[in-house]
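**Q** Input work-v7.cif, format and content: mmCIF, C-alpha atoms.
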data_structure
loop_
_atom_site.group_PDB
_atom_site.id
_atom_site.type_symbol
_atom_site.label_atom_id
_atom_site.label_comp_id
_atom_site.auth_asym_id
_atom_site.auth_seq_id
_atom_site.Cartn_x
_atom_site.Cartn_y
_atom_site.Cartn_z
ATOM 1 C CA MET A 4 21.577 0.170 -14.251
ATOM 2 C CA MET A 5 18.219 1.043 -15.822
ATOM 3 C CA ASP A 6 17.764 2.200 -19.382
ATOM 4 C CA GLN A 7 14.861 4.072 -20.965
ATOM 5 C CA THR A 8 13.104 0.834 -21.945
ATOM 6 C CA ASP A 9 13.235 -0.429 -18.345
ATOM 7 C CA ARG A 10 11.794 2.881 -17.191
ATOM 8 C CA LYS A 11 9.046 2.764 -19.783
ATOM 9 C CA ILE A 12 8.086 -0.762 -18.688
ATOM 10 C CA LEU A 13 8.048 0.285 -15.016
ATOM 11 C CA ASP A 14 5.713 3.179 -15.782
ATOM 12 C CA ILE A 15 3.340 0.824 -17.608
ATOM 13 C CA ILE A 16 3.277 -2.014 -15.074
ATOM 14 C CA GLN A 17 2.983 0.348 -12.105
ATOM 15 C CA LYS A 18 -0.288 1.536 -13.637
ATOM 16 C CA GLU A 19 -1.847 -1.793 -14.465
ATOM 17 C CA ILE A 20 -1.270 -5.314 -15.676
ATOM 18 C CA PRO A 21 -4.417 -6.231 -17.602
ATOM 19 C CA ILE A 22 -6.382 -9.259 -16.396
ATOM 20 C CA VAL A 23 -6.406 -11.016 -19.772
ATOM 21 C CA PRO A 24 -4.817 -14.079 -21.390
ATOM 22 C CA ASN A 25 -1.156 -13.449 -22.318
ATOM 23 C CA ALA A 26 -1.094 -10.330 -20.129
ATOM 24 C CA PHE A 27 2.573 -9.555 -20.704
ATOM 25 C CA GLU A 28 2.003 -9.514 -24.462
ATOM 26 C CA VAL A 29 -0.289 -6.559 -23.921
ATOM 27 C CA VAL A 30 2.411 -4.902 -21.825
ATOM 28 C CA ALA A 31 4.951 -5.609 -24.586
ATOM 29 C CA GLN A 32 2.713 -4.029 -27.201
ATOM 30 C CA LYS A 33 2.267 -0.916 -25.068
ATOM 31 C CA ALA A 34 6.032 -0.644 -24.554
ATOM 32 C CA ALA A 35 6.571 -1.423 -28.244
ATOM 33 C CA ILE A 36 9.116 -4.167 -27.558
ATOM 34 C CA ASP A 37 9.320 -7.925 -27.946
ATOM 35 C CA LYS A 38 7.359 -9.999 -25.395
ATOM 36 C CA ASP A 39 10.314 -12.155 -24.355
ATOM 37 C CA ASP A 40 12.320 -8.994 -23.816
ATOM 38 C CA VAL A 41 9.593 -7.574 -21.539
ATOM 39 C CA ILE A 42 9.551 -10.675 -19.362
ATOM 40 C CA ASN A 43 13.342 -10.855 -19.139
ATOM 41 C CA ARG A 44 13.612 -7.210 -18.203
ATOM 42 C CA ILE A 45 10.901 -7.512 -15.527
ATOM 43 C CA LYS A 46 12.690 -10.564 -14.089
ATOM 44 C CA ARG A 47 15.935 -8.589 -13.936
ATOM 45 C CA LEU A 48 14.268 -5.552 -12.307
ATOM 46 C CA LYS A 49 12.867 -7.887 -9.688
ATOM 47 C CA GLU A 50 16.202 -9.612 -9.065
ATOM 48 C CA ASN A 51 17.894 -6.210 -8.794
ATOM 49 C CA GLY A 52 15.521 -5.075 -6.065
ATOM 50 C CA ILE A 53 13.697 -2.405 -8.060
ATOM 51 C CA ILE A 54 10.393 -4.291 -8.088
ATOM 52 C CA ARG A 55 9.121 -5.585 -4.742
ATOM 53 C CA ARG A 56 6.065 -7.474 -5.944
ATOM 54 C CA ILE A 57 3.926 -7.936 -9.025
ATOM 55 C CA GLY A 58 0.469 -8.995 -8.005
ATOM 56 C CA GLY A 59 -3.041 -8.056 -7.036
ATOM 57 C CA SER A 60 -3.952 -5.357 -4.524
ATOM 58 C CA PHE A 61 -7.140 -6.122 -2.673
ATOM 59 C CA ASP A 62 -9.296 -3.708 -0.725
ATOM 60 C CA SER A 63 -9.410 -4.512 2.986
ATOM 61 C CA THR A 64 -12.989 -3.264 3.411
ATOM 62 C CA GLY A 65 -14.179 -5.210 0.367
ATOM 63 C CA LEU A 66 -12.835 -8.407 1.933
ATOM 64 C CA GLY A 67 -14.506 -7.618 5.266
ATOM 65 C CA TYR A 68 -11.242 -6.628 6.948
ATOM 66 C CA TYR A 69 -10.638 -3.517 9.037
ATOM 67 C CA SER A 70 -7.525 -1.399 8.979
ATOM 68 C CA VAL A 71 -6.131 1.525 10.920
ATOM 69 C CA LEU A 72 -3.109 3.738 11.091
ATOM 70 C CA VAL A 73 -1.589 3.627 14.566
ATOM 71 C CA ALA A 74 0.282 6.547 16.114
ATOM 72 C CA ALA A 75 2.533 5.270 18.906
ATOM 73 C CA LYS A 76 4.706 6.916 21.495
ATOM 74 C CA VAL A 77 7.539 4.566 22.384
ATOM 75 C CA ALA A 78 10.559 5.258 24.623
ATOM 76 C CA GLU A 79 13.705 5.478 22.481
ATOM 77 C CA GLU A 80 15.348 2.576 24.332
ATOM 78 C CA ASP A 81 12.304 0.320 23.736
ATOM 79 C CA LEU A 82 11.993 1.078 20.054
ATOM 80 C CA GLU A 83 13.948 -1.857 18.584
ATOM 81 C CA GLN A 84 12.206 -4.397 20.775
ATOM 82 C CA THR A 85 8.766 -2.939 20.082
ATOM 83 C CA VAL A 86 9.374 -3.027 16.335
ATOM 84 C CA THR A 87 10.609 -6.624 16.417
ATOM 85 C CA PHE A 88 7.491 -7.627 18.325
ATOM 86 C CA LEU A 89 5.070 -5.781 16.018
ATOM 87 C CA ASN A 90 6.651 -6.772 12.721
ATOM 88 C CA ARG A 91 5.971 -10.470 13.277
ATOM 89 C CA PHE A 92 2.289 -9.744 12.725
ATOM 90 C CA THR A 93 1.022 -10.198 9.162
ATOM 91 C CA GLY A 94 -1.407 -7.330 9.707
ATOM 92 C CA VAL A 95 1.372 -4.848 10.484
ATOM 93 C CA THR A 96 2.158 -3.968 6.885
ATOM 94 C CA HIS A 97 4.016 -0.640 7.131
ATOM 95 C CA ASN A 98 6.062 0.490 10.093
ATOM 96 C CA TYR A 99 8.064 3.724 10.264
ATOM 97 C CA GLN A 100 9.963 5.719 12.839
ATOM 98 C CA ARG A 101 9.074 9.386 12.276
ATOM 99 C CA ASN A 102 10.458 12.668 13.561
ATOM 100 C CA HIS A 103 7.693 13.501 16.014
ATOM 101 C CA GLU A 104 6.607 13.056 19.616
ATOM 102 C CA TYR A 105 4.543 10.180 18.196
ATOM 103 C CA ASN A 106 7.648 8.456 16.946
ATOM 104 C CA LEU A 107 6.342 5.141 15.598
ATOM 105 C CA TRP A 108 3.636 4.923 12.937
ATOM 106 C CA PHE A 109 2.329 1.637 11.624
ATOM 107 C CA THR A 110 -0.610 0.393 9.622
ATOM 108 C CA PHE A 111 -2.537 -2.521 11.036
ATOM 109 C CA THR A 112 -5.170 -4.702 9.362
ATOM 110 C CA ALA A 113 -7.192 -7.536 10.918
ATOM 111 C CA SER A 114 -10.318 -9.531 10.187
ATOM 112 C CA SER A 115 -12.707 -7.213 12.070
ATOM 113 C CA LYS A 116 -12.897 -3.925 13.962
ATOM 114 C CA GLN A 117 -13.115 -5.851 17.214
ATOM 115 C CA ARG A 118 -10.020 -7.906 16.386
ATOM 116 C CA VAL A 119 -8.063 -4.747 15.541
ATOM 117 C CA GLU A 120 -9.018 -3.165 18.864
ATOM 118 C CA GLU A 121 -8.207 -6.348 20.823
ATOM 119 C CA LEU A 122 -4.793 -6.706 19.244
ATOM 120 C CA ILE A 123 -3.829 -3.053 19.675
ATOM 121 C CA GLU A 124 -4.680 -3.401 23.365
ATOM 122 C CA PHE A 125 -2.494 -6.534 23.405
ATOM 123 C CA PHE A 126 0.358 -4.705 21.593
ATOM 124 C CA LYS A 127 0.188 -1.918 24.166
ATOM 125 C CA GLN A 128 0.398 -4.318 27.100
ATOM 126 C CA LYS A 129 3.162 -6.431 25.607
ATOM 127 C CA THR A 130 5.385 -3.593 24.442
ATOM 128 C CA GLY A 131 4.746 -1.131 27.264
ATOM 129 C CA ALA A 132 4.295 1.665 24.719
ATOM 130 C CA GLN A 133 3.274 4.942 26.333
ATOM 131 C CA GLU A 134 0.544 5.432 23.742
ATOM 132 C CA MET A 135 -0.866 3.571 20.768
ATOM 133 C CA ILE A 136 -3.693 5.459 19.155
ATOM 134 C CA PRO A 137 -5.696 3.821 16.356
ATOM 135 C CA LEU A 138 -6.663 6.293 13.637
ATOM 136 C CA PRO A 139 -9.272 4.630 11.423
ATOM 137 C CA SER A 140 -9.996 6.255 8.101
ATOM 138 C CA LEU A 141 -13.363 7.922 7.663
ATOM 139 C CA GLN A 142 -12.889 8.324 3.917
ATOM 140 C CA LYS A 143 -10.340 7.074 1.407
ATOM 141 C CA PHE A 144 -9.587 9.611 -1.287
ATOM 142 C CA LYS A 145 -6.727 7.803 -2.968
ATOM 143 C CA ILE A 146 -4.561 4.705 -2.918
ATOM 144 C CA LYS A 147 -2.367 4.723 -5.964
ATOM 145 C CA VAL A 148 1.363 4.444 -5.733
ATOM 146 C CA HIS A 149 3.149 5.405 -8.899
ATOM 147 C CA PHE A 150 6.763 6.468 -9.013
ATOM 148 C CA LYS A 151 7.230 8.157 -12.326
ATOM 149 C CA MET A 152 10.293 6.710 -14.041
ATOM 150 C CA THR A 153 10.302 8.540 -17.370
ATOM 151 C CA GLU A 154 10.346 12.290 -17.946
ATOM 152 C CA ASP A 155 7.481 13.891 -19.802
ATOM 153 C CA LYS A 156 8.474 14.745 -23.304
ATOM 154 C CA MET B 30 -18.298 -1.867 -1.472
ATOM 155 C CA GLN B 31 -20.341 -4.820 -0.385
ATOM 156 C CA VAL B 32 -18.994 -7.576 1.796
ATOM 157 C CA GLN B 33 -20.054 -10.917 0.397
ATOM 158 C CA PRO B 34 -19.263 -14.290 1.886
ATOM 159 C CA LEU B 35 -16.398 -15.822 -0.040
ATOM 160 C CA THR B 36 -16.189 -19.459 -1.076
ATOM 161 C CA GLN B 37 -13.096 -21.572 -0.377
ATOM 162 C CA LYS B 38 -12.351 -21.491 -4.088
ATOM 163 C CA GLU B 39 -12.435 -17.693 -4.076
ATOM 164 C CA ILE B 40 -10.228 -17.489 -0.992
ATOM 165 C CA LYS B 41 -7.731 -19.777 -2.715
ATOM 166 C CA LEU B 42 -7.651 -17.357 -5.651
ATOM 167 C CA ILE B 43 -7.112 -14.333 -3.373
ATOM 168 C CA ARG B 44 -4.276 -16.088 -1.525
ATOM 169 C CA ARG B 45 -2.580 -16.795 -4.839
ATOM 170 C CA CYS B 46 -3.149 -13.382 -6.427
ATOM 171 C CA GLN B 47 -1.775 -11.425 -3.466
ATOM 172 C CA GLN B 48 1.563 -13.199 -4.030
ATOM 173 C CA ASN B 49 3.726 -12.636 -7.101
ATOM 174 C CA ILE B 50 2.107 -13.624 -10.369
ATOM 175 C CA PRO B 51 4.244 -15.870 -12.612
ATOM 176 C CA LEU B 52 6.561 -13.967 -14.961
ATOM 177 C CA SER B 53 5.471 -15.960 -17.978
ATOM 178 C CA HIS B 54 3.692 -15.201 -21.229
ATOM 179 C CA ASP B 55 0.326 -16.099 -19.761
ATOM 180 C CA PRO B 56 0.434 -15.413 -16.000
ATOM 181 C CA PHE B 57 -3.311 -15.624 -15.360
ATOM 182 C CA GLY B 58 -3.721 -18.778 -17.424
ATOM 183 C CA ASP B 59 -0.805 -20.284 -15.472
ATOM 184 C CA ILE B 60 -2.469 -19.388 -12.163
ATOM 185 C CA ALA B 61 -5.691 -21.077 -13.312
ATOM 186 C CA ARG B 62 -3.755 -24.245 -14.201
ATOM 187 C CA GLU B 63 -1.791 -24.119 -10.933
ATOM 188 C CA LEU B 64 -4.981 -23.802 -8.850
ATOM 189 C CA LYS B 65 -6.858 -26.260 -11.057
ATOM 190 C CA VAL B 66 -9.702 -23.821 -11.714
ATOM 191 C CA GLU B 67 -11.336 -22.937 -15.026
ATOM 192 C CA GLU B 68 -9.752 -19.971 -16.781
ATOM 193 C CA GLU B 69 -13.180 -18.510 -17.563
ATOM 194 C CA TRP B 70 -14.073 -18.612 -13.876
ATOM 195 C CA LEU B 71 -10.792 -16.910 -12.920
ATOM 196 C CA TYR B 72 -11.290 -14.025 -15.359
ATOM 197 C CA SER B 73 -14.958 -13.494 -14.526
ATOM 198 C CA THR B 74 -14.263 -13.622 -10.777
ATOM 199 C CA LEU B 75 -11.362 -11.161 -10.930
ATOM 200 C CA ARG B 76 -13.408 -8.816 -13.131
ATOM 201 C CA ARG B 77 -16.372 -8.989 -10.757
ATOM 202 C CA TRP B 78 -14.086 -8.119 -7.841
ATOM 203 C CA GLN B 79 -12.689 -5.215 -9.773
ATOM 204 C CA GLU B 80 -16.160 -3.932 -10.499
ATOM 205 C CA ASN B 81 -17.247 -4.098 -6.869
ATOM 206 C CA LYS B 82 -13.893 -2.629 -5.727
ATOM 207 C CA THR B 83 -12.771 -5.683 -3.768
ATOM 208 C CA LEU B 84 -9.774 -5.845 -6.095
ATOM 209 C CA ARG B 85 -8.054 -2.602 -6.994
ATOM 210 C CA ARG B 86 -5.716 -3.828 -9.732
ATOM 211 C CA PHE B 87 -2.674 -5.906 -10.589
ATOM 212 C CA THR B 88 0.480 -3.809 -10.628
ATOM 213 C CA ALA B 89 4.182 -3.800 -9.970
ATOM 214 C CA ILE B 90 5.077 -2.369 -6.586
ATOM 215 C CA LEU B 91 8.541 -0.851 -6.407
ATOM 216 C CA TYR B 92 11.097 -0.411 -3.676
ATOM 217 C CA HIS B 93 10.852 3.362 -3.879
ATOM 218 C CA GLN B 94 14.371 4.029 -2.581
ATOM 219 C CA ASN B 95 15.859 1.864 -5.325
ATOM 220 C CA ALA B 96 13.664 3.633 -7.852
ATOM 221 C CA GLY B 97 15.274 6.938 -6.844
ATOM 222 C CA TYR B 98 12.577 8.207 -4.497
ATOM 223 C CA ASN B 99 14.462 8.500 -1.241
ATOM 224 C CA ALA B 100 12.226 10.659 0.898
ATOM 225 C CA ASN B 101 8.729 9.924 2.067
ATOM 226 C CA GLY B 102 6.805 12.324 4.224
ATOM 227 C CA MET B 103 3.457 11.846 5.873
ATOM 228 C CA SER B 104 1.803 15.235 5.510
ATOM 229 C CA VAL B 105 -1.061 15.941 7.897
ATOM 230 C CA TRP B 106 -3.458 18.836 7.430
ATOM 231 C CA GLN B 107 -5.928 20.675 9.608
ATOM 232 C CA VAL B 108 -8.921 21.175 7.355
ATOM 233 C CA PRO B 109 -12.293 22.712 8.359
ATOM 234 C CA GLU B 110 -14.944 19.975 8.359
ATOM 235 C CA TYR B 111 -17.166 21.746 5.831
ATOM 236 C CA CYS B 112 -14.596 21.490 3.034
ATOM 237 C CA ILE B 113 -13.052 18.087 3.869
ATOM 238 C CA VAL B 114 -14.347 16.328 0.758
ATOM 239 C CA GLU B 115 -13.313 19.113 -1.593
ATOM 240 C CA VAL B 116 -9.816 19.347 -0.096
ATOM 241 C CA GLY B 117 -9.430 15.557 0.012
ATOM 242 C CA ARG B 118 -10.306 15.226 -3.669
ATOM 243 C CA LYS B 119 -8.000 18.057 -4.670
ATOM 244 C CA MET B 120 -5.126 16.559 -2.703
ATOM 245 C CA ALA B 121 -5.745 13.116 -4.197
ATOM 246 C CA ALA B 122 -5.382 14.583 -7.682
ATOM 247 C CA PHE B 123 -1.688 15.458 -7.179
ATOM 248 C CA PRO B 124 0.535 12.741 -8.671
ATOM 249 C CA GLU B 125 3.033 13.227 -5.817
ATOM 250 C CA VAL B 126 0.361 12.022 -3.338
ATOM 251 C CA SER B 127 0.126 8.221 -3.185
ATOM 252 C CA HIS B 128 -2.335 7.797 -0.325
ATOM 253 C CA CYS B 129 -4.910 10.276 0.915
ATOM 254 C CA TYR B 130 -7.279 9.662 3.815
ATOM 255 C CA HIS B 131 -9.684 11.515 6.059
ATOM 256 C CA ARG B 132 -9.175 10.475 9.701
ATOM 257 C CA SER B 133 -10.683 11.784 12.935
ATOM 258 C CA PRO B 134 -8.643 14.401 14.782
ATOM 259 C CA LEU B 135 -7.721 13.822 18.437
ATOM 260 C CA PRO B 136 -7.733 16.290 21.335
ATOM 261 C CA ASN B 137 -3.991 16.897 21.054
ATOM 262 C CA TRP B 138 -3.752 16.104 17.347
ATOM 263 C CA PRO B 139 -5.848 18.480 15.234
ATOM 264 C CA TYR B 140 -5.028 17.003 11.821
ATOM 265 C CA ASN B 141 -7.767 15.313 9.795
ATOM 266 C CA ILE B 142 -6.403 14.895 6.253
ATOM 267 C CA TYR B 143 -3.399 12.665 5.597
ATOM 268 C CA GLY B 144 -1.412 12.698 2.363
ATOM 269 C CA MET B 145 1.640 10.516 1.745
ATOM 270 C CA LEU B 146 4.192 12.495 -0.243
ATOM 271 C CA HIS B 147 7.140 11.084 -2.172
ATOM 272 C CA GLY B 148 10.162 12.875 -3.536
ATOM 273 C CA LYS B 149 13.794 12.417 -4.459
ATOM 274 C CA ASN B 150 14.850 14.062 -1.184
ATOM 275 C CA LYS B 151 13.501 15.865 1.871
ATOM 276 C CA GLY B 152 13.698 19.295 0.255
ATOM 277 C CA GLU B 153 11.629 18.146 -2.686
ATOM 278 C CA VAL B 154 8.927 16.752 -0.362
ATOM 279 C CA GLU B 155 8.839 20.109 1.495
ATOM 280 C CA GLN B 156 8.448 21.934 -1.811
ATOM 281 C CA ILE B 157 5.615 19.611 -2.856
ATOM 282 C CA ALA B 158 3.791 20.290 0.432
ATOM 283 C CA LYS B 159 4.232 24.034 0.000
ATOM 284 C CA MET B 160 2.867 23.858 -3.533
ATOM 285 C CA ILE B 161 -0.135 21.776 -2.420
ATOM 286 C CA SER B 162 -0.769 24.152 0.496
ATOM 287 C CA LYS B 163 -0.975 27.088 -1.880
ATOM 288 C CA LYS B 164 -3.261 25.290 -4.322
ATOM 289 C CA ILE B 165 -5.715 23.938 -1.742
ATOM 290 C CA GLY B 166 -5.646 27.023 0.458
ATOM 291 C CA ILE B 167 -4.791 25.213 3.710
ATOM 292 C CA SER B 168 -1.791 26.477 5.671
ATOM 293 C CA ASP B 169 -2.046 24.435 8.899
ATOM 294 C CA TYR B 170 -0.016 21.368 8.145
ATOM 295 C CA THR B 171 3.090 19.503 9.161
ATOM 296 C CA ILE B 172 5.223 16.784 7.593
ATOM 297 C CA LEU B 173 6.410 13.751 9.516
ATOM 298 C CA PHE B 174 9.435 12.404 7.719
ATOM 299 C CA SER B 175 10.466 8.809 8.065
ATOM 300 C CA VAL B 176 13.631 8.337 10.080
ATOM 301 C CA ARG B 177 13.777 4.586 9.609
ATOM 302 C CA GLU B 178 11.689 2.160 7.606
ATOM 303 C CA PHE B 179 11.077 -0.957 9.673
ATOM 304 C CA LYS B 180 8.586 -2.736 7.454
ATOM 305 C CA LYS B 181 6.901 -2.291 4.123
ATOM 306 C CA SER B 182 4.794 -5.151 2.863
ATOM 307 C CA SER B 183 1.497 -5.946 1.213
ATOM 308 C CA MET B 184 -1.318 -7.271 3.363
ATOM 309 C CA GLN B 185 -1.697 -11.041 3.213
ATOM 310 C CA TYR B 186 -5.388 -11.769 3.641
ATOM 311 C CA PHE B 187 -6.720 -15.117 4.867
ATOM 312 C CA MET B 188 -3.359 -15.995 6.382
ATOM 313 C CA PRO B 189 -2.327 -16.614 10.011
ATOM 314 C CA GLU B 190 -2.011 -13.472 12.129
ATOM 315 C CA ILE B 191 1.610 -14.343 12.820
ATOM 316 C CA LEU B 192 3.424 -15.818 9.869
ATOM 317 C CA ASP B 193 6.318 -17.581 11.577
ATOM 318 C CA GLY B 194 3.850 -19.892 13.287
ATOM 319 C CA ASP B 195 4.487 -18.712 16.849
ATOM 320 C CA LYS B 196 1.530 -18.423 19.170
ATOM 321 C CA LEU B 197 0.358 -15.110 20.622
#
Kindly return the structure encoded in the file as structure tokens.
**A**
Amino acid sequence: MMDQTDRKILDIIQKEIPIVPNAFEVVAQKAAIDKDDVINRIKRLKENGIIRRIGGSFDSTGLGYYSVLVAAKVAEEDLEQTVTFLNRFTGVTHNYQRNHEYNLWFTFTASSKQRVEELIEFFKQKTGAQEMIPLPSLQKFKIKVHFKMTEDK
Amino acid sequence: MQVQPLTQKEIKLIRRCQQNIPLSHDPFGDIARELKVEEEWLYSTLRRWQENKTLRRFTAILYHQNAGYNANGMSVWQVPEYCIVEVGRKMAAFPEVSHCYHRSPLPNWPYNIYGMLHGKNKGEVEQIAKMISKKIGISDYTILFSVREFKKSSMQYFMPEILDGDKL
């Protein structure tokens, strides 16, 4: 489904799309292919469900927002319902069932620390979760998702 | 990382940029025309945000399963407080680690460093953790594998708290 050129493009655009006029021309030059070809391939990779989004990533703190990781303990039989409830919230961005006593882990972002705390209290009441523990970060060491698509030569 | 009050024009730009950019020859120029803002203003604003770390970067975000990375494990590590920064930086340097944070431990949860690990399968993620453990000299750790992925999205800032319009 993907050839080497697709993989090369994915490695480039996962790193950075430059904020310049004709940005995809720069990407095309880096990949050493034609600019129309780059755009067509990216469109196809998006249609085929390889690429989820191409856009800007903003920093929650920089925008005055507050975010936490939440460790939750939810009864197995309540899990589906709890997830459906939580996932309607814009601020719940990642939500995973994990193999642990704390079986549901989600990230939650809201406009202030107070709002985060209020809403987690509200989530707890509404879902009847046994525990929902906010784990704010004290220090960020890295946020950089890059799935390497080409092998090193 | 300074929080500055944003203008309506700036908020409009953030709302647009956190969506998909146009797949055209000149995506940023097209955004400027779409929002009816000056191109010069758009570039200088985005660059300023990048400098003050409000904006990380523009990238493609993949569906990792479809890209061949099927296993993700949240590794959590019990690290002595005195070497937190050193260990955190070392862990962040591994390409297999996408996110690395220092978080407070809890009474029944002693872990204070979190590293998201990605691999082709569960065994590979376990091997990565073992390799990291050896290199950073920390042996108290565990990996919480994902059983089911219920949601993976990018944060939409300056949008309603519930998108489908329902009330709380």
**Q** In Å to one decimal, how far is CA of Leu91 in chain B from CA of Phe27 in chain A?
**A**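 Interatomic distance, CA of Phe27 in chain A to CA of Leu91 in chain B: 17.8 Å.
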**Q** Which residue out of B:Ile161, B:Val105, B:Lys180, B:Gly166 has the minimum interatomic distance to chain A when all atoms listed in the file are used?
**A** B:Lys180
**Q** Care to translate the PyMOL selection byres ((chain B and resi 42-57) around 6) into actual residues of this file, as a ChimeraX atom specification?
**A** /A:24-27,56-59 /B:39-41,58-60
**Q** Return as a ChimeraX atom specification the set of residues that the PyMOL selection byres ((chain A) within 6 of (chain B)) yields on the displayed structure.
**A** /A:16-17,19-20,24-27,53-62,65,67,91-93,96-102,140-148
**Q** I want to know what sits within 10 Å of Arg44 in chain A, based on only C-alpha atoms, with residues of the same chain fewer than 5 positions away left out; could you give that as an mmCIF file with C-alpha atoms, in the coordinates of the input?
**A**
data_model
loop_
_atom_site.group_PDB
_atom_site.id
_atom_site.type_symbol
_atom_site.label_atom_id
_atom_site.label_comp_id
_atom_site.auth_asym_id
_atom_site.auth_seq_id
_atom_site.Cartn_x
_atom_site.Cartn_y
_atom_site.Cartn_z
ATOM 1 C CA MET A 5 18.219 1.043 -15.822
ATOM 2 C CA THR A 8 13.104 0.834 -21.945
ATOM 3 C CA ASP A 9 13.235 -0.429 -18.345
ATOM 4 C CA ILE A 12 8.086 -0.762 -18.688
ATOM 5 C CA LEU A 13 8.048 0.285 -15.016
ATOM 6 C CA LYS A 38 7.359 -9.999 -25.395
ATOM 7 C CA ASP A 39 10.314 -12.155 -24.355
ATOM 8 C CA LYS A 49 12.867 -7.887 -9.688
ATOM 9 C CA GLU A 50 16.202 -9.612 -9.065
#
**Q** What gap, in Å, lies between CA of Thr153 in chain A and CA of Lys11 in chain A?
**A**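 Interatomic distance, CA of Thr153 in chain A to CA of Lys11 in chain A: 6.4 Å.
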**Q** List as a ChimeraX atom specification the protein and nucleic acid residues near Ala74 in chain A, meaning an atom at most 8 Å away when only C-alpha atoms are counted, but skip any in the same chain fewer than 5 places from it.
**A** /A:105-109,134-138
**Q** Provide the CA of Ser70 in chain A to CA of Ser114 in chain A distance in Å, to one decimal place.
**A** 8.7 Å
**Q** Give me, as a PDB file with C-alpha atoms, keeping the file's coordinate frame, all polymer residues having an atom no more than 9 Å from Phe88 in chain A, counting all atoms listed in the file and skipping those fewer than 4 positions away in the same chain.
**A**
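Ended up saving to selection-v1.pdb:
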ATOM      1  CA  GLU A  83      13.948  -1.857  18.584  1.00  0.00           C
ATOM      2  CA  GLN A  84      12.206  -4.397  20.775  1.00  0.00           C
ATOM      3  CA  PHE A  92       2.289  -9.744  12.725  1.00  0.00           C
ATOM      4  CA  PHE A 126       0.358  -4.705  21.593  1.00  0.00           C
ATOM      5  CA  LYS A 129       3.162  -6.431  25.607  1.00  0.00           C
ATOM      6  CA  THR A 130       5.385  -3.593  24.442  1.00  0.00           C
TER       7      THR A 130
END
**Q** Put the listed atoms of range 109-119 of chain B in a box along x, y and z with 8 Å added on every side and give me the centre and edge lengths in Å to one decimal, as AutoDock Vina command-line options.
**A**
--center_x -12.6 --center_y 19.0 --center_z 1.8 --size_x 25.2 --size_y 23.5 --size_z 29.0
**Q** May I ask which of the residues B:Pro136, B:Cys112, B:Arg77, B:Lys38 is the closest one to Ala61 in chain B, counting only C-alpha atoms?
**A**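 Checking each candidate against Ala61 in chain B, we get B:Lys38 as the closest.
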